[in-house]
Each structure stands twice: as C-alpha cells, then as structure tokens.
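Below is the file upload.csv, which contains CSV, C-alpha atoms.
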chain,number,residue,atom,x,y,z
Y,1,MET,CA,0.0,0.0,0.0
Y,2,THR,CA,2.8,2.4,0.8
Y,3,THR,CA,4.6,1.8,-2.5
Y,4,ILE,CA,1.4,2.7,-4.3
Y,5,ALA,CA,0.5,5.7,-2.2
Y,6,TYR,CA,3.9,7.4,-2.6
Y,7,PRO,CA,3.8,7.7,-6.4
Y,8,LEU,CA,0.2,9.0,-6.2
Y,9,ALA,CA,1.3,11.6,-3.7
Y,10,ALA,CA,4.3,12.5,-5.8
Y,11,ARG,CA,2.2,13.1,-8.8
Y,12,SER,CA,-0.3,15.1,-6.9
Y,13,LEU,CA,2.4,17.7,-6.0
Y,14,GLU,CA,3.1,18.5,-9.7
Y,15,VAL,CA,-0.6,18.5,-10.4
Y,16,SER,CA,-1.1,21.0,-7.5
Y,17,ASP,CA,1.5,23.3,-8.9
Y,18,LEU,CA,0.0,23.1,-12.4
Y,19,LEU,CA,-3.5,23.9,-11.1
Y,20,LYS,CA,-2.1,26.8,-9.1
Y,21,LEU,CA,-0.8,28.3,-12.3
Y,22,ARG,CA,-4.1,27.6,-14.2
Y,23,ARG,CA,-5.9,29.6,-11.5
Y,24,LYS,CA,-3.8,32.7,-12.3
Y,25,ARG,CA,-6.2,34.2,-14.9
Y,26,GLY,CA,-3.9,37.0,-15.8
Y,27,LEU,CA,-1.0,34.6,-16.5
Y,28,VAL,CA,-3.3,32.3,-18.5
Y,29,ALA,CA,-4.5,35.2,-20.6
Y,30,THR,CA,-1.0,36.6,-21.1
Y,31,VAL,CA,0.4,33.2,-22.2
Y,32,ALA,CA,-2.6,32.4,-24.4
Y,33,LEU,CA,-2.3,35.8,-26.1
Y,34,LEU,CA,1.4,35.5,-26.7
Y,35,THR,CA,1.1,32.0,-28.3
Y,36,ILE,CA,-2.4,31.0,-29.6
Y,37,GLY,CA,-3.6,34.6,-30.0
Y,38,ALA,CA,-0.5,35.7,-31.8
Y,39,ILE,CA,-0.7,32.9,-34.3
Y,40,ALA,CA,-4.4,33.3,-34.9
Y,41,ILE,CA,-3.9,37.0,-35.5
Y,42,THR,CA,-0.9,36.5,-37.8
Y,43,TYR,CA,-2.6,33.9,-40.1
Y,44,GLY,CA,-6.0,35.6,-39.9
Y,45,ALA,CA,-4.5,38.9,-41.0
Y,46,ILE,CA,-2.6,37.3,-43.9
Y,47,GLU,CA,-5.6,35.4,-45.2
Y,48,LEU,CA,-7.9,38.4,-44.8
Y,49,LEU,CA,-5.5,40.5,-47.0
Y,50,HIS,CA,-5.5,37.7,-49.5
Y,51,VAL,CA,-9.3,37.6,-49.6
Y,52,ILE,CA,-9.5,41.4,-50.0
Y,53,ASP,CA,-6.9,41.6,-52.8
Y,54,ALA,CA,-5.7,38.2,-54.0
Y,55,ALA,CA,-3.7,39.7,-56.8
Y,56,LYS,CA,-1.5,41.6,-54.4
Y,57,HIS,CA,-1.4,39.4,-51.4
Y,58,GLY,CA,-0.8,35.6,-51.5
Y,59,PRO,CA,-2.6,33.0,-49.4
Y,60,ALA,CA,-1.8,32.5,-45.7
Y,61,GLY,CA,-0.5,29.0,-46.3
Y,62,GLY,CA,2.6,27.4,-47.8
Y,63,ILE,CA,6.1,26.7,-46.7
Y,64,ALA,CA,7.2,30.3,-46.5
Y,65,ASN,CA,4.3,31.3,-44.3
Y,66,LEU,CA,5.1,28.3,-42.0
Y,67,GLY,CA,8.5,29.8,-41.6
Y,68,HIS,CA,7.0,33.2,-40.7
Y,69,GLY,CA,4.6,31.6,-38.2
Y,70,ALA,CA,7.5,29.6,-36.7
Y,71,PHE,CA,9.5,32.8,-36.3
Y,72,VAL,CA,6.6,34.6,-34.5
Y,73,LEU,CA,6.0,31.6,-32.2
Y,74,ALA,CA,9.7,31.2,-31.4
Y,75,ALA,CA,10.0,34.8,-30.4
Y,76,LEU,CA,6.7,35.2,-28.5
Y,77,GLY,CA,6.8,31.6,-27.2
Y,78,ALA,CA,10.1,32.4,-25.6
Y,79,VAL,CA,8.6,35.5,-24.0
Y,80,ALA,CA,5.6,33.5,-22.7
Y,81,ALA,CA,8.0,30.8,-21.4
Y,82,THR,CA,10.1,33.4,-19.7
Y,83,VAL,CA,7.1,34.9,-18.0
Y,84,VAL,CA,6.0,31.5,-16.7
Y,85,GLY,CA,9.5,30.5,-15.7
Y,86,ALA,CA,10.0,33.7,-13.7
Y,87,THR,CA,6.5,33.3,-12.1
Y,88,VAL,CA,7.1,29.7,-11.1
Y,89,GLY,CA,10.6,30.3,-9.9
Y,90,ALA,CA,10.1,33.4,-7.8
Y,91,GLY,CA,6.3,33.5,-7.2
Y,92,ASP,CA,6.3,31.7,-3.9
Y,93,LEU,CA,9.1,33.9,-2.5
Y,94,GLU,CA,7.4,37.1,-3.6
Y,95,ALA,CA,4.1,36.0,-2.2
Y,96,GLY,CA,5.7,35.1,1.1
Y,97,VAL,CA,4.5,31.5,1.2
Y,98,TYR,CA,7.9,29.8,0.6
Y,99,ARG,CA,8.4,29.2,4.3
Y,100,GLU,CA,4.9,27.7,4.6
Y,101,LEU,CA,5.8,25.2,1.9
Y,102,VAL,CA,9.1,24.3,3.5
Y,103,VAL,CA,7.6,23.6,7.0
Y,104,THR,CA,5.2,21.0,5.5
Y,105,GLY,CA,8.0,18.5,5.8
Y,106,ARG,CA,8.7,17.9,2.1
Y,107,SER,CA,12.2,18.3,1.0
Y,108,ARG,CA,13.2,21.5,-0.7
Y,109,LEU,CA,14.5,19.7,-3.7
Y,110,ARG,CA,11.2,17.8,-4.1
Y,111,LEU,CA,9.3,21.2,-4.0
Y,112,TYR,CA,11.8,22.6,-6.5
Y,113,VAL,CA,11.3,19.7,-9.0
Y,114,SER,CA,7.6,19.9,-8.6
Y,115,ARG,CA,7.5,23.5,-9.5
Y,116,LEU,CA,9.8,22.9,-12.4
Y,117,ILE,CA,7.7,20.2,-13.9
Y,118,GLY,CA,4.4,22.0,-13.2
Y,119,GLY,CA,5.5,25.1,-15.0
Y,120,MET,CA,6.7,23.2,-18.0
Y,121,ALA,CA,3.4,21.3,-18.1
Y,122,PHE,CA,1.6,24.6,-18.1
Y,123,VAL,CA,3.4,26.6,-20.8
Y,124,LEU,CA,4.3,23.9,-23.4
Y,125,PRO,CA,0.7,23.0,-24.3
Y,126,PHE,CA,0.0,26.6,-25.2
Y,127,VAL,CA,3.0,26.5,-27.6
Y,128,ALA,CA,1.9,23.2,-29.0
Y,129,VAL,CA,-1.7,24.4,-29.6
Y,130,ALA,CA,-0.4,27.6,-31.2
Y,131,TYR,CA,1.9,25.6,-33.5
Y,132,ALA,CA,-0.9,23.2,-34.4
Y,133,LEU,CA,-3.0,26.2,-35.6
Y,134,ALA,CA,0.0,27.4,-37.7
Y,135,ALA,CA,0.5,24.0,-39.2
Y,136,ILE,CA,-3.2,23.6,-40.1
Y,137,ALA,CA,-3.3,27.1,-41.6
Y,138,THR,CA,-0.3,26.6,-43.8
Y,139,VAL,CA,-1.8,23.4,-45.2
Y,140,VAL,CA,-5.5,24.5,-45.5
Y,141,PHE,CA,-4.7,28.0,-46.9
Y,142,ALA,CA,-1.8,26.9,-49.2
Y,143,GLY,CA,-3.7,27.6,-52.4
Y,144,ASP,CA,-1.3,27.4,-55.3
Y,145,ARG,CA,1.8,27.4,-53.0
Y,146,PRO,CA,3.6,24.2,-52.1
Y,147,ALA,CA,2.3,23.0,-48.7
Y,148,PRO,CA,4.7,21.7,-46.1
Y,149,ASP,CA,5.0,18.0,-45.8
Y,150,THR,CA,4.6,16.0,-42.6
Y,151,HIS,CA,8.3,15.8,-41.9
Y,152,LEU,CA,8.7,19.6,-42.1
Y,153,LEU,CA,5.7,20.2,-40.0
Y,154,ILE,CA,7.0,17.8,-37.2
Y,155,THR,CA,10.5,19.2,-37.2
Y,156,THR,CA,9.4,22.8,-37.2
Y,157,GLY,CA,7.0,22.1,-34.3
Y,158,LEU,CA,9.7,20.3,-32.3
Y,159,TRP,CA,12.0,23.3,-32.9
Y,160,ASP,CA,9.5,25.8,-31.5
Y,161,LEU,CA,8.8,23.6,-28.5
Y,162,LEU,CA,12.6,23.2,-27.8
Y,163,ASP,CA,13.0,27.0,-28.0
Y,164,ALA,CA,10.2,27.6,-25.5
Y,165,ALA,CA,11.4,24.8,-23.2
Y,166,LEU,CA,15.0,26.2,-23.1
Y,167,TYR,CA,14.0,29.7,-22.2
Y,168,TYR,CA,11.6,28.4,-19.6
Y,169,LEU,CA,14.4,26.6,-17.9
Y,170,LEU,CA,16.7,29.6,-18.1
Y,171,ALA,CA,14.1,31.9,-16.7
Y,172,PHE,CA,13.2,29.4,-14.0
Y,173,GLY,CA,16.8,29.0,-12.9
Y,174,VAL,CA,17.4,32.8,-12.9
Y,175,ALA,CA,14.2,33.4,-10.9
Y,176,CYS,CA,15.2,30.9,-8.3
Y,177,LEU,CA,18.7,32.5,-8.1
Y,178,THR,CA,17.5,36.1,-7.9
Y,179,GLY,CA,14.2,35.6,-6.1
Y,180,ALA,CA,12.7,38.4,-8.2
Y,181,ARG,CA,10.2,37.8,-11.0
Y,182,SER,CA,10.5,41.2,-12.7
Y,183,TYR,CA,14.3,41.2,-12.7
Y,184,THR,CA,14.3,37.7,-14.2
Y,185,ILE,CA,11.9,38.7,-17.0
Y,186,GLY,CA,14.1,41.7,-17.8
Y,187,ILE,CA,17.3,39.8,-17.8
Y,188,VAL,CA,16.2,36.8,-19.9
Y,189,LEU,CA,14.3,38.8,-22.5
Y,190,ALA,CA,17.1,41.3,-22.9
Y,191,TRP,CA,19.4,38.3,-23.5
Y,192,ARG,CA,17.0,36.6,-25.9
Y,193,LEU,CA,15.8,39.6,-27.9
Y,194,ALA,CA,18.7,42.0,-27.8
Y,195,VAL,CA,22.0,40.5,-26.7
Y,196,THR,CA,21.8,37.2,-28.6
Y,197,PRO,CA,21.2,38.8,-32.1
Y,198,ILE,CA,24.1,41.3,-31.5
Y,199,LEU,CA,26.5,38.6,-30.5
Y,200,ALA,CA,25.6,36.4,-33.4
Y,201,LYS,CA,26.5,39.2,-35.8
Y,202,ILE,CA,29.9,39.9,-34.4
Y,203,SER,CA,32.1,37.5,-36.5
Y,204,ALA,CA,35.2,38.6,-34.6
Y,205,LEU,CA,34.0,36.6,-31.6
Y,206,GLY,CA,34.6,33.4,-33.6
Y,207,ILE,CA,33.9,30.3,-31.6
Y,208,VAL,CA,32.6,32.3,-28.7
Y,209,ARG,CA,29.3,32.8,-30.6
Y,210,GLU,CA,28.7,29.1,-30.6
Y,211,LEU,CA,28.4,29.2,-26.8
Y,212,VAL,CA,25.3,31.3,-27.0
Y,213,PRO,CA,22.1,29.2,-26.7
Y,214,GLY,CA,20.2,31.2,-29.3
Y,215,VAL,CA,22.9,30.7,-31.9
Y,216,ALA,CA,22.8,27.0,-31.3
Y,217,LEU,CA,19.0,27.0,-31.7
Y,218,GLN,CA,19.4,28.8,-35.0
Y,219,ASN,CA,21.3,25.8,-36.3
Y,220,LEU,CA,18.3,23.6,-35.6
Y,221,THR,CA,16.0,25.7,-37.8
Y,222,PRO,CA,14.6,23.5,-40.5
Y,223,ALA,CA,16.5,24.3,-43.7
Y,224,ALA,CA,13.4,24.0,-45.8
Y,225,LEU,CA,11.9,27.1,-44.2
Y,226,GLY,CA,14.7,29.2,-45.8
Y,227,ASP,CA,15.2,32.7,-44.4
Y,228,ALA,CA,11.6,33.0,-43.3
Y,229,ALA,CA,12.3,31.6,-39.8
Y,230,GLN,CA,15.8,33.0,-39.4
Y,231,GLN,CA,16.2,35.3,-36.3
Y,232,GLY,CA,19.7,36.2,-37.1
Y,233,PRO,CA,22.8,35.0,-39.0
Y,234,ARG,CA,23.3,31.3,-38.9
Y,235,VAL,CA,26.7,30.3,-37.4
Y,236,GLY,CA,27.8,26.9,-38.6
Y,237,MET,CA,27.9,24.3,-35.8
Y,238,SER,CA,28.0,20.5,-35.7
Y,239,VAL,CA,25.0,18.6,-34.3
Y,240,ALA,CA,27.1,17.5,-31.4
Y,241,ALA,CA,28.2,21.0,-30.6
Y,242,VAL,CA,24.6,22.3,-30.7
Y,243,ALA,CA,23.4,19.5,-28.4
Y,244,ALA,CA,26.3,20.1,-26.0
Y,245,VAL,CA,25.6,23.9,-25.8
Y,246,LEU,CA,21.9,23.5,-25.2
Y,247,LEU,CA,22.3,20.7,-22.6
Y,248,VAL,CA,25.0,22.7,-20.7
Y,249,TRP,CA,22.9,25.8,-20.6
Y,250,ALA,CA,19.7,23.9,-19.5
Y,251,ALA,CA,21.6,21.8,-16.9
Y,252,ALA,CA,23.4,24.8,-15.5
Y,253,ALA,CA,20.2,26.8,-15.1
Y,254,VAL,CA,18.4,23.9,-13.4
Y,255,ALA,CA,21.4,23.1,-11.2
Y,256,ILE,CA,22.1,26.7,-10.1
Y,257,GLY,CA,18.4,27.2,-9.4
Y,258,ALA,CA,18.2,24.0,-7.3
Y,259,TRP,CA,21.3,25.0,-5.3
Y,260,ARG,CA,19.9,28.4,-4.5
Y,261,ASP,CA,16.4,27.2,-3.8
Y,262,THR,CA,17.6,24.4,-1.4
Y,263,THR,CA,20.1,26.5,0.5
Y,264,ARG,CA,18.3,29.9,1.0
Y,265,ASP,CA,16.8,30.8,4.4
Y,266,ALA,CA,13.2,30.0,4.7
Encoding of this model in structure tokens:
Amino acid sequence: MTTIAYPLAARSLEVSDLLKLRRKRGLVATVALLTIGAIAITYGAIELLHVIDAAKHGPAGGIANLGHGAFVLAALGAVAATVVGATVGAGDLEAGVYRELVVTGRSRLRLYVSRLIGGMAFVLPFVAVAYALAAIATVVFAGDRPAPDTHLLITTGLWDLLDAALYYLLAFGVACLTGARSYTIGIVLAWRLAVTPILAKISALGIVRELVPGVALQNLTPAALGDAAQQGPRVGMSVAAVAAVLLVWAAAAVAIGAWRDTTRDA
C-alpha cells in the first residue's frame, strides 16, 4: 500500500503546482495571447488581406508562411515561457509563502522539482496548440503554393517547443537565483531579444558565438523554411556542438536554481 500511495502523492504535487498556475487568470490570458492569440492574428490577417486583394497578397499557407509563423511563435513563445518560468521560480518567494511550503516536511529539492515540472506542463501545451494552428493554416490555406510535408511540420514544431522549453528553464533558474520575477523577465528577455542577435552578428568573436544558446538553436531551424524563420545569421555548428551547448545551458540553469532554492533561508 505504501509503495502505491507514494507515487500518487508525488504526482499530486506536480498537479497541484499546475493547477495553481491555471488559476492565475492574468497569467493564462497573457500566455494564451502570446502564443495562440499571436498565431491566430498572424494567419488571420494574412488570409484576410488575400481575400480582399488576391492579386497583391498571396494566401496564408505554404512553406514560406510556415517559416513566418514559426518565427513569430519562437519569439513570442520564448517571451511566454520566460514569464511563466519567472513566475514559477520566484512566485512563492514574492508571495511570502515559501516558508509555509518548507515547513510541510517535504524536501526543498522535491518542491523545486515539482514547480519545475508543473510550470513546464503549463506553458508547453500553449505553444503546442499555437503551432498546431499554424500547421493547419499553412496546409489549408496553401492555395497554389507548395504545402509543407509531414516531416517539415513535425521538425518545425519540435524546434518551436525546444525553443520555448529552453527559455523556460533559463528563466526558472534565474528566478530561483534572484528571487525576483521582474528582474528575471528583464534579464532573460534582454538576453533573448537584444544581446543574442548582437553577439551572433559579431564575427570577430569566432567560436565564442557558438556558446550562445540562441545561436545553437538557430542551427536547428529546418533548412526547408529558408530565411523565413531566421532570427539572425546562422553560425555553422555541428549537431554534437549544438546538443552540447543546449544541454549545458539547460543543466546549468536547473542546477544553479536547485542549489539556491535548497540553500536559502526559509
């Protein structure tokens, strides 16, 4: 009986953290707007322009528009993931309930892992639904343009999910380290939207550019999308180098966050 009850209790902790996030209506609305809303508006606007003036504006579907949608979702999905990661990582501290959680008797590491998983389970479905809308739109509204095949649709979707997952982990780790949600959002978004593109363009940095996670992610952009999904210059890297860079950044963020979260004063 004990061996059965423990897994159930373990799972309920992640579910509790997930439900706690779902009850934050402002957070749900923000994440939904940045992902599902942004994609719906993007393809709706393109198709509306096509209906109004088909001679001047092409249909909303096709491979090129899949790239545009993937670009939008990668950028705004990273923003949504950052907001969620910062909220999950620093929310309990800012709300003053961290001590109450610690005194329940559960280990701090267990609480940390639960929040990490709960936040990931919250944000990634929004990204997945948003991408599903983009994928459907690029096929249904392709018109006379070549529609993306199944392989391209899958690889592009996995790329968008990986992008969001990485920035969620970075934001979560930084939030646990700083204990401040607003600072974390500012730091991670500045790195993602401003610093990374600048570093990628400075060829004099050489191999140093390959250590930037955003540069590594660029190398995973499906080649069939062409320049439509490019968020900066592509710096040539091997698959092994890309995997190593992403794993190191993700592992470092999780490890540093765990260390700070389990050693801070309650």
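The smallest atom-to-atom distance between Ala147 (chain Y) and any of Y:Val15, Y:Leu169, Y:Ala74, Y:Leu66, using all atoms listed in the file, is found for Y:Leu66.
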Work out how far apart CA of Leu21 (chain Y) and CA of Gly118 (chain Y) are and give it in Å to one decimal.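 Interatomic distance, CA of Leu21 (chain Y) to CA of Gly118 (chain Y): 8.2 Å.
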CA of Ser182 (chain Y) to CA of Ala86 (chain Y): how many Å, to one decimal?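 CA of Ala86 (chain Y) lies at a distance of 7.6 Å from CA of Ser182 (chain Y).
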Might you pull out every residue within 12 Å of Val248 (chain Y), with only C-alpha atoms counted and same-chain residues fewer than 3 positions away left off, and present them as a PyMOL selection string? chain Y and resi 166+169-170+211-213+216+241-245+251-256
Fewer than 6 positions away in the same chain doesn't count, so skip those; otherwise give me all residues within 10 Å of Ala224 (chain Y), counting all atoms listed in the file, as a ChimeraX atom specification. /Y:63-64,67,148,152,156
Restricting the calculation to all atoms listed in the file, which member of Y:Ala223, Y:Val51, Y:Leu13, Y:Ala130 is positioned closest to His151 (chain Y)?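 Closest to His151 (chain Y) of all the choices is Y:Ala223.
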Quick one: residues within 10 Å of (18.9, 34.4, -9.9) (file frame), counting all atoms listed in the file, please, as a VMD selection string. chain Y and resid 86 89 to 90 170 to 181 183 to 184 187 253 256 to 257 260 to 261
Find the spatial neighbours of region 77-83 of chain Y, counting only C-alpha atoms, within a cut-off of 8 Å - ignore same-chain residues fewer than 6 positions away - and output them as a ChimeraX atom specification. /Y:30-31,34-35,123,127,160,163-165,167-168,170-172,185,188-189
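The space between CA of Thr150 (chain Y) and CA of Ala132 (chain Y) spans 12.2 Å.
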